[in-house]
$ cat entry.txt   # compact mmCIF, C-alpha atoms
# COMPACT_ATOMS: atom_id res chain seq x y z
CA MET M 25 76.42 -44.46 -33.75
CA PRO M 26 74.35 -42.57 -31.13
CA MET M 27 76.10 -41.45 -27.92
CA THR M 28 74.57 -40.36 -24.62
CA ARG M 29 77.15 -37.68 -23.84
CA LEU M 30 77.93 -34.53 -25.76
CA PRO M 31 81.38 -35.09 -27.30
CA PRO M 32 83.95 -32.25 -27.35
CA GLU M 33 83.70 -31.91 -31.14
CA ILE M 34 80.08 -30.74 -30.91
CA ARG M 35 80.98 -27.61 -28.93
CA PRO M 36 82.22 -25.53 -31.88
CA VAL M 37 79.04 -26.46 -33.76
CA LEU M 38 76.86 -25.33 -30.84
CA GLU M 39 78.79 -22.06 -30.77
CA ASN M 40 78.97 -21.35 -34.52
CA GLY M 41 75.98 -18.98 -34.52
CA THR M 42 74.10 -20.95 -37.17
CA PRO M 43 70.42 -21.38 -36.25
CA GLY M 44 69.31 -24.90 -35.32
CA VAL M 45 65.94 -26.61 -35.43
CA MET M 46 63.84 -28.07 -32.64
CA VAL M 47 60.94 -30.52 -32.84
CA THR M 48 58.56 -31.10 -29.95
CA CYS M 49 55.24 -32.91 -29.65
CA SER M 50 52.09 -31.95 -27.76
CA ALA M 51 50.32 -34.39 -25.46
CA ASP M 52 47.70 -34.90 -28.16
CA GLY M 53 50.34 -35.95 -30.68
CA LYS M 54 50.89 -32.86 -32.86
CA PRO M 55 54.56 -32.26 -33.74
CA ASN M 56 55.86 -28.69 -33.76
CA THR M 57 58.97 -27.57 -35.58
CA THR M 58 60.77 -24.32 -34.93
CA VAL M 59 64.03 -22.56 -35.68
CA ILE M 60 66.16 -21.92 -32.59
CA SER M 61 68.92 -19.36 -32.33
CA GLN M 62 71.07 -21.10 -29.74
CA VAL M 63 71.82 -24.42 -28.04
CA TYR M 64 73.98 -23.89 -24.98
CA TYR M 65 76.43 -26.52 -23.73
CA VAL M 66 75.89 -26.97 -19.96
CA ASP M 67 77.92 -30.13 -19.34
CA GLU M 68 78.50 -33.52 -20.98
CA THR M 69 74.96 -34.66 -20.26
CA HIS M 70 72.96 -31.43 -20.39
CA ALA M 71 72.16 -28.71 -22.90
CA ALA M 72 70.15 -25.53 -22.40
CA LEU M 73 67.72 -23.92 -24.80
CA SER M 74 66.47 -20.38 -24.60
CA PHE M 75 62.91 -19.64 -23.51
CA GLN M 76 62.20 -16.27 -25.14
CA PHE M 77 58.49 -16.30 -25.97
CA PHE M 78 55.49 -18.19 -24.57
CA SER M 79 55.49 -20.45 -27.59
CA LYS M 80 54.00 -23.78 -28.60
CA THR M 81 57.45 -25.29 -28.05
CA ILE M 82 57.49 -24.13 -24.42
CA ARG M 83 53.96 -25.48 -23.84
CA ASN M 84 54.79 -28.79 -25.53
CA VAL M 85 57.88 -29.63 -23.48
CA ARG M 86 55.95 -28.97 -20.30
CA GLU M 87 53.27 -31.46 -21.45
CA ASN M 88 55.67 -33.94 -23.06
CA PRO M 89 59.31 -33.50 -22.08
CA ARG M 90 60.84 -35.14 -25.16
CA ALA M 91 62.51 -32.90 -27.73
CA PHE M 92 64.61 -33.33 -30.86
CA VAL M 93 67.25 -30.76 -31.76
CA CYS M 94 69.36 -30.49 -34.88
CA VAL M 95 72.43 -28.25 -35.12
CA PHE M 96 74.26 -27.63 -38.36
CA ASP M 97 77.93 -27.57 -39.32
CA ILE M 98 77.70 -26.01 -42.76
CA VAL M 99 81.42 -25.95 -43.58
CA GLY M 100 81.81 -29.49 -42.19
CA ASN M 101 78.83 -30.61 -44.32
CA SER M 102 77.20 -32.39 -41.41
CA HIS M 103 74.63 -32.00 -38.69
CA TRP M 104 74.14 -33.32 -35.19
CA ALA M 105 70.84 -34.88 -34.09
CA LEU M 106 70.09 -34.72 -30.38
CA GLN M 107 67.32 -36.42 -28.45
CA LEU M 108 66.63 -34.47 -25.26
CA ALA M 109 64.36 -34.55 -22.21
CA PHE M 110 63.26 -31.33 -20.50
CA GLU M 111 64.36 -31.24 -16.84
CA ARG M 112 63.91 -27.74 -15.41
CA SER M 113 63.81 -24.03 -16.12
CA GLU M 114 66.31 -21.53 -14.64
CA THR M 115 65.72 -17.76 -14.47
CA GLU M 116 69.01 -16.85 -12.81
CA GLY M 117 72.51 -18.23 -12.32
CA PRO M 118 75.57 -18.76 -14.49
CA VAL M 119 73.83 -20.66 -17.30
CA PHE M 120 71.09 -18.03 -17.57
CA ASP M 121 73.60 -15.15 -17.51
CA ALA M 122 75.82 -16.72 -20.16
CA MET M 123 72.86 -17.48 -22.45
CA ASP M 124 71.49 -13.97 -21.97
CA MET M 125 74.81 -12.51 -23.11
CA GLN M 126 75.01 -14.84 -26.13
CA ILE M 127 71.44 -14.00 -27.16
CA GLU M 128 72.24 -10.30 -27.06
CA ALA M 129 75.24 -10.95 -29.28
CA ILE M 130 73.23 -13.08 -31.75
CA ALA M 131 70.43 -10.50 -31.79
CA SER M 132 72.76 -7.65 -32.63
CA MET M 133 74.55 -9.72 -35.31
CA THR M 134 71.27 -10.70 -36.99
CA GLY M 135 69.48 -7.37 -36.72
CA MET M 136 67.03 -8.70 -34.13
CA SER M 137 68.01 -6.53 -31.15
CA GLY M 138 65.04 -5.85 -28.92
CA ILE M 139 63.15 -8.88 -30.26
CA PHE M 140 65.17 -11.68 -28.67
CA LYS M 141 64.86 -11.57 -24.88
CA LEU M 142 65.70 -14.45 -22.58
CA ARG M 143 62.95 -15.32 -20.11
CA ALA M 144 64.53 -18.54 -18.87
CA ALA M 145 67.18 -21.11 -19.62
CA ASP M 146 65.45 -24.46 -20.13
CA ILE M 147 67.75 -27.30 -19.11
CA TYR M 148 67.52 -30.60 -20.98
CA ARG M 149 69.14 -33.97 -20.33
CA VAL M 150 70.87 -35.50 -23.35
CA LEU M 151 69.36 -38.88 -24.21
CA SER M 152 71.30 -39.40 -27.43
CA VAL M 153 73.49 -37.50 -29.83
CA GLU M 154 74.49 -38.52 -33.33
CA LYS M 155 76.63 -36.88 -36.00
CA VAL M 156 75.27 -37.22 -39.53
CA GLN M 157 77.79 -36.63 -42.30
CA HIS M 158 76.16 -35.52 -45.52
CA PRO M 159 77.17 -37.01 -48.88
CA GLY M 160 79.35 -35.02 -51.25
CA MET W 21 44.04 -23.35 -49.03
CA ILE W 22 47.58 -21.96 -49.10
CA PRO W 23 47.30 -18.19 -49.83
CA GLY W 24 49.10 -16.71 -52.83
CA LYS W 25 51.33 -14.62 -50.56
CA LEU W 26 52.67 -17.79 -48.92
CA ILE W 27 53.11 -19.53 -52.26
CA ARG W 28 55.30 -16.63 -53.35
CA PHE W 29 57.17 -16.86 -50.04
CA LEU W 30 57.82 -20.57 -50.64
CA GLU W 31 59.30 -19.74 -54.02
CA HIS W 32 62.04 -17.60 -52.47
CA ALA W 33 62.52 -19.28 -49.05
CA ASN W 34 65.80 -21.12 -48.63
CA LEU W 35 65.63 -23.43 -45.60
CA ALA W 36 63.14 -26.09 -44.48
CA PHE W 37 62.87 -28.85 -41.91
CA VAL W 38 60.16 -31.40 -41.13
CA GLY W 39 59.14 -32.75 -37.74
CA SER W 40 57.34 -36.00 -37.08
CA ARG W 41 56.69 -38.14 -34.02
CA ASP W 42 56.43 -41.84 -33.26
CA ARG W 43 53.71 -43.82 -31.48
CA ASP W 44 55.26 -42.91 -28.10
CA LEU W 45 55.09 -39.16 -28.91
CA VAL W 46 58.86 -38.97 -29.31
CA PRO W 47 59.59 -36.19 -31.83
CA PHE W 48 62.08 -36.54 -34.65
CA GLY W 49 63.35 -34.12 -37.26
CA HIS W 50 64.54 -34.45 -40.86
CA ARG W 51 66.28 -32.10 -43.24
CA VAL W 52 64.25 -30.99 -46.25
CA CYS W 53 66.10 -30.15 -49.46
CA GLY W 54 63.19 -28.89 -51.57
CA TRP W 55 59.46 -28.18 -51.49
CA ARG W 56 56.59 -27.38 -53.82
CA VAL W 57 52.90 -26.53 -53.52
CA GLY W 58 50.31 -28.77 -55.19
CA ALA W 59 48.22 -27.41 -58.05
CA ASP W 60 45.16 -27.45 -55.77
CA GLN W 61 47.01 -25.21 -53.25
CA ARG W 62 45.92 -27.59 -50.48
CA THR W 63 48.88 -29.93 -50.53
CA MET W 64 52.66 -29.64 -50.38
CA THR W 65 55.39 -32.02 -51.43
CA ILE W 66 58.64 -32.04 -49.51
CA LEU W 67 61.83 -33.58 -50.92
CA LEU W 68 64.07 -35.38 -48.47
CA PRO W 69 67.68 -36.57 -48.52
CA ASP W 70 68.57 -40.17 -47.74
CA GLU W 71 68.68 -39.90 -43.93
CA PHE W 72 66.50 -41.75 -41.42
CA LEU W 73 63.83 -42.23 -44.07
CA THR W 74 62.70 -45.55 -42.60
CA THR W 75 62.08 -43.84 -39.25
CA LEU W 76 60.17 -41.02 -40.95
CA LEU W 77 57.98 -43.28 -43.07
CA GLU W 78 57.15 -45.58 -40.15
CA SER W 79 55.96 -42.57 -38.15
CA LEU W 80 54.03 -41.01 -41.02
CA GLN W 81 52.32 -44.27 -41.90
CA GLN W 82 51.50 -44.95 -38.26
CA ASN W 83 50.05 -41.55 -37.29
CA GLY W 84 50.24 -39.20 -40.31
CA GLU W 85 51.28 -36.13 -38.28
CA LEU W 86 53.92 -33.77 -39.63
CA ALA W 87 55.00 -30.14 -39.33
CA VAL W 88 57.22 -28.35 -41.83
CA THR W 89 58.97 -25.09 -41.00
CA VAL W 90 60.20 -22.99 -43.92
CA GLU W 91 62.43 -19.96 -43.46
CA GLU W 92 63.82 -17.21 -45.62
CA PHE W 93 67.30 -16.41 -44.38
CA PRO W 94 68.55 -13.80 -43.50
CA SER W 95 65.20 -11.99 -43.13
CA HIS W 96 64.04 -14.78 -40.73
CA GLU W 97 60.56 -14.71 -42.26
CA THR W 98 59.29 -18.13 -41.21
CA TYR W 99 56.07 -20.14 -41.48
CA GLN W 100 55.11 -23.57 -40.19
CA PHE W 101 52.86 -25.83 -42.25
CA LYS W 102 51.14 -28.55 -40.24
CA GLY W 103 49.30 -31.35 -41.88
CA ARG W 104 48.61 -34.96 -42.60
CA TYR W 105 50.69 -37.39 -44.64
CA LEU W 106 49.07 -38.47 -47.90
CA HIS W 107 51.66 -40.59 -49.70
CA HIS W 108 55.30 -40.84 -50.72
CA ARG W 109 57.08 -41.65 -53.97
CA GLY W 110 60.48 -41.77 -55.61
CA ILE W 111 62.24 -38.76 -57.09
CA GLN W 112 61.37 -37.39 -60.55
CA ASP W 113 63.45 -35.17 -62.84
CA ASP W 114 61.48 -32.04 -61.97
CA ASP W 115 62.04 -32.70 -58.25
CA VAL W 116 65.79 -32.45 -58.87
CA GLU W 117 65.21 -29.06 -60.52
CA VAL W 118 63.24 -27.89 -57.46
CA VAL W 119 66.13 -28.89 -55.20
CA ASP W 120 68.68 -27.23 -57.50
CA ARG W 121 66.76 -23.95 -57.24
CA ALA W 122 66.49 -24.26 -53.43
CA ARG W 123 70.23 -25.00 -53.26
CA ARG W 124 71.07 -21.88 -55.28
CA ARG W 125 68.91 -19.71 -52.99
CA PHE W 126 70.47 -21.32 -49.90
CA VAL W 127 74.05 -20.77 -51.07
CA LYS W 128 73.31 -17.18 -52.10
CA SER W 129 71.85 -16.42 -48.65
CA LEU W 130 74.82 -17.95 -46.83
CA ARG W 131 77.57 -16.44 -48.94
CA PRO W 132 77.86 -13.22 -46.85
CA MET W 133 78.45 -15.33 -43.70
CA TYR W 134 80.84 -17.78 -45.36
CA THR W 135 82.85 -15.55 -47.65
CA ASP W 136 85.85 -17.92 -47.72
CA ALA W 137 83.95 -21.20 -48.14
CA PRO W 138 84.34 -22.84 -51.57
CA GLU W 139 81.17 -23.00 -53.65
CA HIS W 140 81.12 -26.81 -53.67
CA VAL W 141 81.19 -26.92 -49.85
CA LEU W 142 78.09 -24.73 -49.54
CA ASN W 143 76.40 -26.54 -52.44
CA ALA W 144 76.98 -29.92 -50.78
CA PHE W 145 75.04 -28.89 -47.70
CA VAL W 146 71.76 -29.24 -49.62
CA SER W 147 71.86 -32.96 -50.34
CA PRO W 148 70.26 -34.57 -53.38
CA PRO W 149 66.69 -35.77 -52.78
CA SER W 150 65.83 -39.44 -52.29
CA LEU W 151 62.16 -39.32 -51.39
CA ALA W 152 59.12 -37.10 -52.00
CA VAL W 153 56.39 -36.90 -49.35
CA GLU W 154 53.08 -35.28 -50.14
CA PHE W 155 50.91 -33.98 -47.33
CA GLU W 156 47.66 -32.09 -46.91
CA VAL W 157 48.22 -28.68 -45.32
CA LEU W 158 45.70 -28.23 -42.50
CA GLU W 159 47.17 -25.33 -40.55
CA ILE W 160 49.70 -22.57 -41.20
CA TYR W 161 51.42 -20.59 -38.43
CA LEU W 162 53.51 -17.44 -38.52
CA GLN W 163 56.91 -18.18 -36.96
CA THR W 164 58.91 -15.07 -37.81
CA PRO W 165 60.61 -14.08 -34.53
CA GLY W 166 58.67 -11.35 -32.75
CA PRO W 167 55.42 -10.74 -30.90
CA GLY W 168 53.27 -12.32 -33.63
CA ALA W 169 55.21 -15.60 -33.66
CA GLY W 170 52.91 -18.56 -33.15
CA THR W 171 49.83 -16.87 -34.63
CA ARG W 172 47.71 -19.28 -36.64
CA LEU W 173 47.09 -17.86 -40.10
CA ILE W 174 45.19 -20.75 -41.68
CA PRO W 175 42.47 -21.40 -40.67
CA PRO W 176 42.27 -17.87 -39.27
CA THR W 177 42.05 -17.56 -35.51
CA GLU W 178 38.60 -16.35 -34.43
CA ARG W 179 38.70 -12.91 -32.77

$ encode --input "entry.txt" --output "structure tokens"
Amino acid sequence: MPMTRLPPEIRPVLENGTPGVMVTCSADGKPNTTVISQVYYVDETHAALSFQFFSKTIRNVRENPRAFVCVFDIVGNSHWALQLAFERSETEGPVFDAMDMQIEAIASMTGMSGIFKLRAADIYRVLSVEKVQHPG
Amino acid sequence: MIPGKLIRFLEHANLAFVGSRDRDLVPFGHRVCGWRVGADQRTMTILLPDEFLTTLLESLQQNGELAVTVEEFPSHETYQFKGRYLHHRGIQDDDVEVVDRARRRFVKSLRPMYTDAPEHVLNAFVSPPSLAVEFEVLEIYLQTPGPGAGTRLIPPTER
């Protein structure tokens, strides 16, 4: 059943270091799918995504603010599907600083130091969130 | 046409996801548990678990737009295949074999991160397929993290 607030049980999944996936759509109707390294919990109704490169994803959400994000709980054999709406971009402050630190940590763990660099923390409002338990 | 180098990549990649969108341009994503390239090298078939398939098919039949990202973990070599829905069908025996191979690659890639996880737990994460969707590949983009991410490979970008 979809919820409109991020429940406490999603936080460990957001912080498990497993890459997620994001889908956006341009104003002319072309979907774009990309792997994302981090979804940051801001509060019950907001999540932040990292803006690291001037990518199609960044252009799309500025044309069409809707986004879909999927985060994976591999040991729990489930995933969470989030519908989001882009609200604003932050280049300083506590959310930016915390994401910057996490990205550094992820980059060094995955051998991508020097490639991941946070330009901004993009803040999204949570429109819906749903846990999908896989069979088996 | 999908180049031979990318066909070889698809044979050892271990993670894929498909994005679609509805008539209101709301994006949606779906797990992909297996993939194969058509004999003509112009089409791909993705194999999908039984999740939100009605939503996916409604969108594909309404507008035909889809984008599939395929990654090789842990190298992070990643490509996005954008295209147009052609048709869908039920699962055949050889589709199950494709998913079994993708599952083995996925579990092997994850094992160093999940040293204590039982084999059946990691195996279960790649669900059995319920639907095959064939699409025509129109564009391919490099998505490996780094300065070249987002570069269109097929058709080549004019310089």

$ interface_residues --input "entry.txt" --of "chain M" --to "chain W" --cutoff "8 Å" --atoms "all atoms listed in the file" --output "PyMOL selection string"
chain M and resi 45-51+53-59+79-80+88+90-94+98-99+101-102+134+139-140+158-160

$ residues_near_point --input "entry.txt" --point "(61.7, -32.5, -48.2)" --cutoff "6 Å" --atoms "only C-alpha atoms" --output "NGL selection string"
:W and (52-55 or 66-68)

$ residues_around --input "entry.txt" --residues "W:Asp60" --least-positions-apart "2" --cutoff "9 Å" --atoms "all atoms listed in the file" --output "NGL selection string"
:W and (21-22 or 57-58 or 62-63)

$ residues_around --input "entry.txt" --residues "stretch 33-42 of chain M" --least-positions-apart "4" --cutoff "9 Å" --atoms "all atoms listed in the file" --output "PyMOL selection string"
chain M and resi 61-65+95-98+103-104+130+155

$ residues_near_point --input "entry.txt" --point "(68.5, -14.6, -46.4)" --cutoff "10 Å" --atoms "all atoms listed in the file" --output "list in words"
His32, Ala33, Asn34, Leu35, Glu91, Glu92, Phe93, Pro94, Ser95, His96, Glu97, Arg125, Phe126, Val127, Lys128, Ser129, Leu130, Arg131 and Pro132 of chain W

$ residues_around --input "entry.txt" --residues "M:Glu111" --least-positions-apart "6" --cutoff "10 Å" --atoms "all atoms listed in the file" --output "ChimeraX atom specification"
/M:70,72,85-86,89-90,146-149

$ closest_residue --input "entry.txt" --among "W:Arg121, W:Val157, W:Glu139, W:Pro175" --to "W:Gln61" --atoms "all atoms listed in the file"
W:Val157

$ closest_residue --input "entry.txt" --among "M:Val150, M:Ile127, M:Ala109, M:Ala71" --to "M:Pro43" --atoms "all atoms listed in the file"
M:Ile127

$ atom_distance --input "entry.txt" --atom1 "atom CA of W:Leu106" --atom2 "atom CA of W:Glu156"
6.6 Å

$ decode --input "entry.txt" --residues "stretch 29-160 of chain W" --atoms "C-alpha atoms" --output "PDB file, in the first residue's frame"
ATOM      1  CA  PHE W  29      29.189  -6.340 -22.470  1.00  0.00           C
ATOM      2  CA  LEU W  30      25.547  -7.449 -22.207  1.00  0.00           C
ATOM      3  CA  GLU W  31      26.701 -11.048 -21.906  1.00  0.00           C
ATOM      4  CA  HIS W  32      28.659 -10.316 -18.727  1.00  0.00           C
ATOM      5  CA  ALA W  33      26.651  -7.427 -17.203  1.00  0.00           C
ATOM      6  CA  ASN W  34      24.746  -8.294 -14.042  1.00  0.00           C
ATOM      7  CA  LEU W  35      22.161  -5.605 -13.290  1.00  0.00           C
ATOM      8  CA  ALA W  36      19.418  -3.952 -15.361  1.00  0.00           C
ATOM      9  CA  PHE W  37      16.418  -1.702 -14.862  1.00  0.00           C
ATOM     10  CA  VAL W  38      13.829  -0.293 -17.265  1.00  0.00           C
ATOM     11  CA  GLY W  39      12.162   3.107 -17.144  1.00  0.00           C
ATOM     12  CA  SER W  40       8.878   4.047 -18.749  1.00  0.00           C
ATOM     13  CA  ARG W  41       6.449   6.936 -18.424  1.00  0.00           C
ATOM     14  CA  ASP W  42       2.699   7.405 -18.560  1.00  0.00           C
ATOM     15  CA  ARG W  43       0.571   9.814 -20.608  1.00  0.00           C
ATOM     16  CA  ASP W  44       1.138  12.548 -17.986  1.00  0.00           C
ATOM     17  CA  LEU W  45       4.953  12.173 -18.262  1.00  0.00           C
ATOM     18  CA  VAL W  46       5.153  10.553 -14.836  1.00  0.00           C
ATOM     19  CA  PRO W  47       8.160   8.195 -14.880  1.00  0.00           C
ATOM     20  CA  PHE W  48       8.069   4.683 -13.492  1.00  0.00           C
ATOM     21  CA  GLY W  49      10.725   2.024 -13.069  1.00  0.00           C
ATOM     22  CA  HIS W  50      10.739  -1.778 -13.163  1.00  0.00           C
ATOM     23  CA  ARG W  51      13.291  -4.387 -12.231  1.00  0.00           C
ATOM     24  CA  VAL W  52      14.702  -6.425 -15.102  1.00  0.00           C
ATOM     25  CA  CYS W  53      15.845  -9.983 -14.392  1.00  0.00           C
ATOM     26  CA  GLY W  54      17.322 -10.873 -17.788  1.00  0.00           C
ATOM     27  CA  TRP W  55      18.045  -9.480 -21.251  1.00  0.00           C
ATOM     28  CA  ARG W  56      19.092 -10.631 -24.698  1.00  0.00           C
ATOM     29  CA  VAL W  57      19.931  -9.034 -28.038  1.00  0.00           C
ATOM     30  CA  GLY W  58      17.891  -9.929 -31.120  1.00  0.00           C
ATOM     31  CA  ALA W  59      19.538 -11.789 -33.993  1.00  0.00           C
ATOM     32  CA  ASP W  60      19.291  -8.627 -36.116  1.00  0.00           C
ATOM     33  CA  GLN W  61      21.269  -6.686 -33.447  1.00  0.00           C
ATOM     34  CA  ARG W  62      18.632  -3.938 -33.640  1.00  0.00           C
ATOM     35  CA  THR W  63      16.286  -5.180 -30.962  1.00  0.00           C
ATOM     36  CA  MET W  64      16.538  -6.285 -27.342  1.00  0.00           C
ATOM     37  CA  THR W  65      14.255  -8.403 -25.216  1.00  0.00           C
ATOM     38  CA  ILE W  66      14.015  -7.694 -21.508  1.00  0.00           C
ATOM     39  CA  LEU W  67      12.605 -10.219 -19.041  1.00  0.00           C
ATOM     40  CA  LEU W  68      10.557  -8.840 -16.183  1.00  0.00           C
ATOM     41  CA  PRO W  69       9.351 -10.203 -12.849  1.00  0.00           C
ATOM     42  CA  ASP W  70       5.687 -10.096 -11.890  1.00  0.00           C
ATOM     43  CA  GLU W  71       5.578  -6.541 -10.507  1.00  0.00           C
ATOM     44  CA  PHE W  72       3.513  -3.618 -11.792  1.00  0.00           C
ATOM     45  CA  LEU W  73       3.307  -5.248 -15.214  1.00  0.00           C
ATOM     46  CA  THR W  74      -0.130  -3.787 -15.917  1.00  0.00           C
ATOM     47  CA  THR W  75       1.256  -0.289 -15.312  1.00  0.00           C
ATOM     48  CA  LEU W  76       4.233  -0.982 -17.573  1.00  0.00           C
ATOM     49  CA  LEU W  77       2.209  -2.440 -20.425  1.00  0.00           C
ATOM     50  CA  GLU W  78      -0.356   0.370 -20.325  1.00  0.00           C
ATOM     51  CA  SER W  79       2.449   2.916 -20.663  1.00  0.00           C
ATOM     52  CA  LEU W  80       4.294   1.013 -23.378  1.00  0.00           C
ATOM     53  CA  GLN W  81       1.150   0.466 -25.416  1.00  0.00           C
ATOM     54  CA  GLN W  82       0.121   4.099 -24.996  1.00  0.00           C
ATOM     55  CA  ASN W  83       3.426   5.802 -25.905  1.00  0.00           C
ATOM     56  CA  GLY W  84       6.059   3.114 -26.634  1.00  0.00           C
ATOM     57  CA  GLU W  85       8.908   4.939 -24.860  1.00  0.00           C
ATOM     58  CA  LEU W  86      11.364   3.000 -22.727  1.00  0.00           C
ATOM     59  CA  ALA W  87      14.943   3.245 -21.469  1.00  0.00           C
ATOM     60  CA  VAL W  88      16.951   0.314 -20.143  1.00  0.00           C
ATOM     61  CA  THR W  89      20.101   0.796 -18.090  1.00  0.00           C
ATOM     62  CA  VAL W  90      22.465  -2.162 -17.822  1.00  0.00           C
ATOM     63  CA  GLU W  91      25.425  -2.211 -15.447  1.00  0.00           C
ATOM     64  CA  GLU W  92      28.364  -4.456 -14.747  1.00  0.00           C
ATOM     65  CA  PHE W  93      29.014  -4.393 -11.024  1.00  0.00           C
ATOM     66  CA  PRO W  94      31.517  -3.754  -9.453  1.00  0.00           C
ATOM     67  CA  SER W  95      33.308  -2.116 -12.411  1.00  0.00           C
ATOM     68  CA  HIS W  96      30.302   0.269 -12.818  1.00  0.00           C
ATOM     69  CA  GLU W  97      30.542   0.006 -16.603  1.00  0.00           C
ATOM     70  CA  THR W  98      27.049   1.111 -17.581  1.00  0.00           C
ATOM     71  CA  TYR W  99      25.100   1.766 -20.779  1.00  0.00           C
ATOM     72  CA  GLN W 100      21.568   2.992 -21.398  1.00  0.00           C
ATOM     73  CA  PHE W 101      19.537   1.610 -24.292  1.00  0.00           C
ATOM     74  CA  LYS W 102      16.643   3.832 -25.344  1.00  0.00           C
ATOM     75  CA  GLY W 103      14.029   2.658 -27.741  1.00  0.00           C
ATOM     76  CA  ARG W 104      10.508   1.892 -28.766  1.00  0.00           C
ATOM     77  CA  TYR W 105       8.280  -0.940 -27.583  1.00  0.00           C
ATOM     78  CA  LEU W 106       7.534  -3.546 -30.241  1.00  0.00           C
ATOM     79  CA  HIS W 107       5.578  -6.298 -28.488  1.00  0.00           C
ATOM     80  CA  HIS W 108       5.401  -8.498 -25.413  1.00  0.00           C
ATOM     81  CA  ARG W 109       4.897 -12.211 -24.847  1.00  0.00           C
ATOM     82  CA  GLY W 110       4.919 -14.904 -22.202  1.00  0.00           C
ATOM     83  CA  ILE W 111       8.051 -16.614 -20.919  1.00  0.00           C
ATOM     84  CA  GLN W 112       9.751 -19.447 -22.834  1.00  0.00           C
ATOM     85  CA  ASP W 113      12.169 -22.085 -21.549  1.00  0.00           C
ATOM     86  CA  ASP W 114      15.219 -20.334 -22.996  1.00  0.00           C
ATOM     87  CA  ASP W 115      14.191 -17.089 -21.246  1.00  0.00           C
ATOM     88  CA  VAL W 116      14.477 -18.909 -17.920  1.00  0.00           C
ATOM     89  CA  GLU W 117      18.016 -19.956 -18.875  1.00  0.00           C
ATOM     90  CA  VAL W 118      18.891 -16.320 -19.671  1.00  0.00           C
ATOM     91  CA  VAL W 119      17.657 -15.266 -16.229  1.00  0.00           C
ATOM     92  CA  ASP W 120      19.513 -18.125 -14.533  1.00  0.00           C
ATOM     93  CA  ARG W 121      22.768 -16.943 -16.122  1.00  0.00           C
ATOM     94  CA  ALA W 122      22.087 -13.313 -15.121  1.00  0.00           C
ATOM     95  CA  ARG W 123      21.307 -14.473 -11.570  1.00  0.00           C
ATOM     96  CA  ARG W 124      24.604 -16.372 -11.326  1.00  0.00           C
ATOM     97  CA  ARG W 125      26.552 -13.304 -12.511  1.00  0.00           C
ATOM     98  CA  PHE W 126      24.643 -11.075 -10.073  1.00  0.00           C
ATOM     99  CA  VAL W 127      25.275 -13.320  -7.077  1.00  0.00           C
ATOM    100  CA  LYS W 128      28.959 -13.719  -7.974  1.00  0.00           C
ATOM    101  CA  SER W 129      29.388  -9.929  -8.166  1.00  0.00           C
ATOM    102  CA  LEU W 130      27.664  -9.353  -4.820  1.00  0.00           C
ATOM    103  CA  ARG W 131      29.358 -12.116  -2.878  1.00  0.00           C
ATOM    104  CA  PRO W 132      32.353  -9.968  -1.779  1.00  0.00           C
ATOM    105  CA  MET W 133      29.937  -7.404  -0.261  1.00  0.00           C
ATOM    106  CA  TYR W 134      27.645  -9.981   1.346  1.00  0.00           C
ATOM    107  CA  THR W 135      30.081 -12.604   2.567  1.00  0.00           C
ATOM    108  CA  ASP W 136      27.702 -13.886   5.274  1.00  0.00           C
ATOM    109  CA  ALA W 137      24.498 -13.941   3.212  1.00  0.00           C
ATOM    110  CA  PRO W 138      23.189 -17.427   2.368  1.00  0.00           C
ATOM    111  CA  GLU W 139      23.265 -18.335  -1.319  1.00  0.00           C
ATOM    112  CA  HIS W 140      19.469 -18.672  -1.516  1.00  0.00           C
ATOM    113  CA  VAL W 141      18.991 -15.127  -0.189  1.00  0.00           C
ATOM    114  CA  LEU W 142      21.155 -13.596  -2.912  1.00  0.00           C
ATOM    115  CA  ASN W 143      19.654 -15.912  -5.548  1.00  0.00           C
ATOM    116  CA  ALA W 144      16.123 -14.855  -4.575  1.00  0.00           C
ATOM    117  CA  PHE W 145      16.866 -11.223  -5.341  1.00  0.00           C
ATOM    118  CA  VAL W 146      16.725 -11.954  -9.077  1.00  0.00           C
ATOM    119  CA  SER W 147      13.090 -12.997  -9.371  1.00  0.00           C
ATOM    120  CA  PRO W 148      11.801 -15.454 -11.962  1.00  0.00           C
ATOM    121  CA  PRO W 149      10.571 -13.801 -15.165  1.00  0.00           C
ATOM    122  CA  SER W 150       6.879 -13.375 -15.957  1.00  0.00           C
ATOM    123  CA  LEU W 151       6.933 -11.288 -19.115  1.00  0.00           C
ATOM    124  CA  ALA W 152       9.226 -10.644 -22.085  1.00  0.00           C
ATOM    125  CA  VAL W 153       9.182  -7.224 -23.766  1.00  0.00           C
ATOM    126  CA  GLU W 154      10.901  -6.711 -27.085  1.00  0.00           C
ATOM    127  CA  PHE W 155      11.929  -3.227 -28.145  1.00  0.00           C
ATOM    128  CA  GLU W 156      13.789  -1.570 -30.989  1.00  0.00           C
ATOM    129  CA  VAL W 157      17.030   0.039 -29.796  1.00  0.00           C
ATOM    130  CA  LEU W 158      17.217   3.565 -31.209  1.00  0.00           C
ATOM    131  CA  GLU W 159      19.904   5.159 -29.062  1.00  0.00           C
ATOM    132  CA  ILE W 160      22.694   3.946 -26.786  1.00  0.00           C
TER     133      ILE W 160
END
